Amino acid sequence: MTKLIEQFVIALSQGDDFSVSSLEKLKRKFSSKNKVTVLRNDELVQAYHNLVAKKILKENPKLERLIAIKNTRSDSGIVVVAVLTKPYPCPGRCIFCPSEPSVPKSYLSGEPAVMRAIDAKYDPFIQVTNRLKSLNAVGHVTDKISIRIVGGTWSSYEKQYQSWFVKKLFQACNSFGAKGESWEGESQTNSLIALQKENEIAKHRIVELSVETRQDLITTSEIKRLRMLGVTKVELGVQSLYDDILHLNQRETTNEDTIRATLLLRNAGFKISYQMMLNLPGSTPEKDLEMFRTLFSSPDYQPDHLKIYPLALLRNTGAFHLYEKGGFKPYTKQELIELISQIKEIIPSYCRVERVIRDIPAHNIVEGGVKISNLRQSVAKHMSILGTKCKCIRCREIKGIEIDSKKLKFYMTKYSFGGGTEYFLSIEDSAREILASFLRLRLSESNLGKSNKLKGCAIIREIHTYGPVAAVGTKPKNATQHKGLGKRLIRKAEKIALSEGYSKIAVIAGIGVREYFRKLDYELEETYMVKKL
């Protein structure tokens, strides 16, 4: 059977039609002719790598991309690995959050990431290792990894546990694939700094590390600790901008907490993601829409990333008790589709809508439009009928589109936030419908004190080039990564900072990106990569 699969892959490589529909037809034809079950893509990936290793085939990026399962997992230029923390008491009493034994607050045992975490007994090393194995097995390049630490409220966990958890993440990435495709065991060092240093040049680098937390727990000292751990992105459970709705839902945070936390994080260079909820008890579609208008018109908010979570009505919640008494009614499918379509139409080009629904199994949801799993697709179809478009980053990412780099142009979007100026620099096509690369630059005084290295620095908060992940050290012919787009944006940012009177520029670089910035004359100062202009 192995030889048959290799013959199929060789024939596939010699063709010129690399479409998914063509592949599926060829697989069915091959199955019928040879009287075998339809070939799985992971079998094709394994055969392809074997043929390349034996030098029977040359590396073929188009073929490799075609047979990889779920290209979207790496089309954004990095692979995302979600790692759950152990169940731990949450300081919140929110009536919309489920609470299930042996599962972190607000999560359910039936969610895919939770199931993987339970199988690994919540061990971060095992979670990362197993996920990288799975991604590699179906053809994904895992050189650049974005790790999302999820489960509960990160800032409420014991510091000793936090440090242990993050060390395990770096140990897993540093040791994965050291010899062949499987990991070689945990590193023996207990020093986080040493593990981070090792990851700077490792095969599998952590280029982004994010945590979920509450805005009322963000302080100057918490920010310094997050930076020490290597965190570059913070997801805030904002949920609503209305204090009366937050109070009704027992969120125990305020709009002022959100404004203060956002300013502190942005001045420290963090990428900021808001988790916003629709259909909370006390709200209406009209209030929800107005909330999103405020979100992007007021200089107090303007998140870089956004997760839109319509409330999922679950039995083991306070919201369900309100529902039983007739005090709450979930939005219908059509109401949600229309509302989210209106919201996506006003999202600015500098924001990325990461999700429009939680990955909660439909059988757990009592009632409402969130019982449909393809909500994002339904919204896209509705907007297409209306003739409207979403301008968010995710909707415009280049993904696997091939485009002549000479046809890409530089754009600059400038907006105010919290006493400073934000610059969104991007490289896009002339119609501004295809986004290849972008950079976020902030010009503002830091709130972290006179002795901090960021005082007086311009700050690059994020830089990202989209398209399928290109392995570190390679320059694939048809890829957008490793073609100098990021470097071009960095030079633009440096010129802007210099023209505005800044003598230094700092980058909140992920640990795995530090080596890239060293090549551009940046040096590590405290936890930032800094360059004199």
# chains A, B, ... in the order shown; residues from 1 in each chain; ligands from 1
$ closest_atom_pairs --of "region 218-268 of chain A" --to "region 429-447 of chain A" --cutoff "8 Å" --atoms "only C-alpha atoms" --output "Markdown table"
| residue | atom | partner | partner_atom | distance |
| --- | --- | --- | --- | --- |
| A:Leu264 | CA | A:Asn447 | CA | 6.6 |
| A:Asn267 | CA | A:Ser446 | CA | 5.2 |
| A:Ala268 | CA | A:Ser446 | CA | 6.6 |
$ residues_around --residues "Gly369 (chain A)" --least-positions-apart "4" --cutoff "10 Å" --atoms "only C-alpha atoms" --output "list of chain:residue names"
A:Pro310, A:Leu311, A:Ala312, A:Pro330, A:Tyr331, A:Thr332, A:Lys333, A:Gln334, A:Glu335, A:Leu336, A:Ile337, A:Ile365, A:Ser373, A:Leu375
$ residues_around --residues "Ile505 (chain A)" --least-positions-apart "4" --cutoff "6 Å" --atoms "only C-alpha atoms" --output "CSV table (one decimal) with N, CA and C atoms, in the first residue's frame"
chain,number,residue,atom,x,y,z
A,457,CYS,N,10.5,55.9,24.2
A,457,CYS,CA,10.7,55.1,23.0
A,457,CYS,C,9.4,55.1,22.2
A,458,ALA,N,9.6,55.0,20.9
A,458,ALA,CA,8.5,54.7,20.0
A,458,ALA,C,8.4,53.1,20.1
A,459,ILE,N,7.2,52.6,20.0
A,459,ILE,CA,7.0,51.2,20.2
A,459,ILE,C,6.3,50.5,19.0
A,530,VAL,N,15.5,46.8,21.3
A,530,VAL,CA,15.6,48.3,21.2
A,530,VAL,C,16.7,48.7,20.2
A,531,LYS,N,16.4,49.7,19.5
A,531,LYS,CA,17.4,50.3,18.6
A,531,LYS,C,17.5,51.8,18.7
$ select_by_dssp --residues "region 84-290 of chain A" --states "strand (DSSP E or B)" --output "PyMOL selection string"
chain A and resi 84+144-150+179+182+205-213+233-239+271-278
$ write_last_selection --atoms "C-alpha atoms" --output "PDB file, in the first residue's frame"
ATOM      1  CA  LEU A  84      -5.288  25.033  28.878  1.00  0.00           C
ATOM      2  CA  LYS A 144       6.585  29.722  14.128  1.00  0.00           C
ATOM      3  CA  ILE A 145       4.187  29.111  16.960  1.00  0.00           C
ATOM      4  CA  SER A 146       1.590  31.335  18.598  1.00  0.00           C
ATOM      5  CA  ILE A 147       0.713  29.877  21.979  1.00  0.00           C
ATOM      6  CA  ARG A 148      -2.598  30.869  23.565  1.00  0.00           C
ATOM      7  CA  ILE A 149      -2.776  30.156  27.270  1.00  0.00           C
ATOM      8  CA  VAL A 150      -6.482  29.737  27.979  1.00  0.00           C
ATOM      9  CA  LYS A 179      15.893  14.177  16.301  1.00  0.00           C
ATOM     10  CA  SER A 182       9.117  13.224  17.898  1.00  0.00           C
ATOM     11  CA  ARG A 205      10.054  29.155  18.048  1.00  0.00           C
ATOM     12  CA  ILE A 206       7.367  30.817  20.141  1.00  0.00           C
ATOM     13  CA  VAL A 207       6.771  34.025  18.216  1.00  0.00           C
ATOM     14  CA  GLU A 208       3.674  35.017  20.168  1.00  0.00           C
ATOM     15  CA  LEU A 209       2.465  34.202  23.689  1.00  0.00           C
ATOM     16  CA  SER A 210      -0.969  35.321  24.839  1.00  0.00           C
ATOM     17  CA  VAL A 211      -3.009  35.035  28.017  1.00  0.00           C
ATOM     18  CA  GLU A 212      -6.647  35.620  28.978  1.00  0.00           C
ATOM     19  CA  THR A 213      -7.313  37.812  31.999  1.00  0.00           C
ATOM     20  CA  LYS A 233      -0.612  39.662  23.684  1.00  0.00           C
ATOM     21  CA  VAL A 234      -3.370  40.014  26.268  1.00  0.00           C
ATOM     22  CA  GLU A 235      -7.006  39.012  25.792  1.00  0.00           C
ATOM     23  CA  LEU A 236      -9.289  41.053  28.035  1.00  0.00           C
ATOM     24  CA  GLY A 237     -12.720  39.721  28.943  1.00  0.00           C
ATOM     25  CA  VAL A 238     -14.393  43.090  28.366  1.00  0.00           C
ATOM     26  CA  GLN A 239     -17.810  41.579  27.458  1.00  0.00           C
ATOM     27  CA  LYS A 271      -1.236  43.536  21.340  1.00  0.00           C
ATOM     28  CA  ILE A 272      -4.718  43.826  22.790  1.00  0.00           C
ATOM     29  CA  SER A 273      -7.658  41.542  22.101  1.00  0.00           C
ATOM     30  CA  TYR A 274     -11.148  42.200  23.427  1.00  0.00           C
ATOM     31  CA  GLN A 275     -13.654  39.438  24.099  1.00  0.00           C
ATOM     32  CA  MET A 276     -17.060  41.060  23.568  1.00  0.00           C
ATOM     33  CA  MET A 277     -20.417  39.424  24.222  1.00  0.00           C
ATOM     34  CA  LEU A 278     -23.689  39.919  22.389  1.00  0.00           C
TER      35      LEU A 278
END
$ select_by_dssp --residues "region 237-349 of chain A" --states "alpha helix (DSSP H)" --output "NGL selection string"
:A and (243-248 or 255-267 or 285-297 or 318-324 or 333-345)
$ closest_residue --among "A:Arg488, A:Cys390, A:Ser384, A:Ser102" --to "Ser426 (chain A)" --atoms "only C-alpha atoms"
A:Arg488
$ residues_around --residues "Pro361 (chain A)" --least-positions-apart "3" --cutoff "12 Å" --atoms "only C-alpha atoms" --output "list in words"
Tyr107, Leu108, Ser109, Gly110, Glu111, Pro112, Val114, Ala312, Leu313, Leu314, Ile357, Arg358, Asn364, Ile365, Val366, Val370, Lys371, Ile372 and Ser373 of chain A
$ atom_distance --atom1 "CA of Ser99 (chain A)" --atom2 "CA of Asn316 (chain A)"
6.8 Å
$ decode --residues "region 517-529 of chain A" --atoms "N, CA and C atoms" --output "PDB file, in the first residue's frame"
ATOM      1  N   PHE A 517      15.186  40.420  14.803  1.00  0.00           N
ATOM      2  CA  PHE A 517      15.430  41.836  15.055  1.00  0.00           C
ATOM      3  C   PHE A 517      16.911  42.136  15.314  1.00  0.00           C
ATOM      4  N   ARG A 518      17.641  41.175  15.832  1.00  0.00           N
ATOM      5  CA  ARG A 518      19.088  41.383  15.997  1.00  0.00           C
ATOM      6  C   ARG A 518      19.750  41.637  14.640  1.00  0.00           C
ATOM      7  N   LYS A 519      19.260  40.964  13.623  1.00  0.00           N
ATOM      8  CA  LYS A 519      19.818  41.149  12.282  1.00  0.00           C
ATOM      9  C   LYS A 519      19.508  42.537  11.716  1.00  0.00           C
ATOM     10  N   LEU A 520      18.540  43.221  12.363  1.00  0.00           N
ATOM     11  CA  LEU A 520      18.179  44.581  11.942  1.00  0.00           C
ATOM     12  C   LEU A 520      18.729  45.618  12.923  1.00  0.00           C
ATOM     13  N   ASP A 521      19.770  45.213  13.687  1.00  0.00           N
ATOM     14  CA  ASP A 521      20.513  46.097  14.597  1.00  0.00           C
ATOM     15  C   ASP A 521      19.756  46.454  15.869  1.00  0.00           C
ATOM     16  N   TYR A 522      18.812  45.610  16.265  1.00  0.00           N
ATOM     17  CA  TYR A 522      18.134  45.793  17.547  1.00  0.00           C
ATOM     18  C   TYR A 522      18.867  44.972  18.604  1.00  0.00           C
ATOM     19  N   GLU A 523      18.853  45.464  19.836  1.00  0.00           N
ATOM     20  CA  GLU A 523      19.499  44.762  20.937  1.00  0.00           C
ATOM     21  C   GLU A 523      18.513  44.551  22.078  1.00  0.00           C
ATOM     22  N   LEU A 524      18.678  43.467  22.819  1.00  0.00           N
ATOM     23  CA  LEU A 524      17.786  43.159  23.929  1.00  0.00           C
ATOM     24  C   LEU A 524      18.097  44.052  25.125  1.00  0.00           C
ATOM     25  N   GLU A 525      17.102  44.807  25.562  1.00  0.00           N
ATOM     26  CA  GLU A 525      17.201  45.629  26.767  1.00  0.00           C
ATOM     27  C   GLU A 525      16.003  45.287  27.634  1.00  0.00           C
ATOM     28  N   GLU A 526      16.289  44.733  28.821  1.00  0.00           N
ATOM     29  CA  GLU A 526      15.230  44.188  29.671  1.00  0.00           C
ATOM     30  C   GLU A 526      14.463  43.143  28.854  1.00  0.00           C
ATOM     31  N   THR A 527      13.203  43.355  28.545  1.00  0.00           N
ATOM     32  CA  THR A 527      12.441  42.346  27.790  1.00  0.00           C
ATOM     33  C   THR A 527      12.032  42.841  26.405  1.00  0.00           C
ATOM     34  N   TYR A 528      12.633  43.927  25.934  1.00  0.00           N
ATOM     35  CA  TYR A 528      12.291  44.501  24.632  1.00  0.00           C
ATOM     36  C   TYR A 528      13.520  44.520  23.726  1.00  0.00           C
ATOM     37  N   MET A 529      13.286  44.469  22.427  1.00  0.00           N
ATOM     38  CA  MET A 529      14.353  44.668  21.458  1.00  0.00           C
ATOM     39  C   MET A 529      14.367  46.154  21.116  1.00  0.00           C
TER      40      MET A 529
END
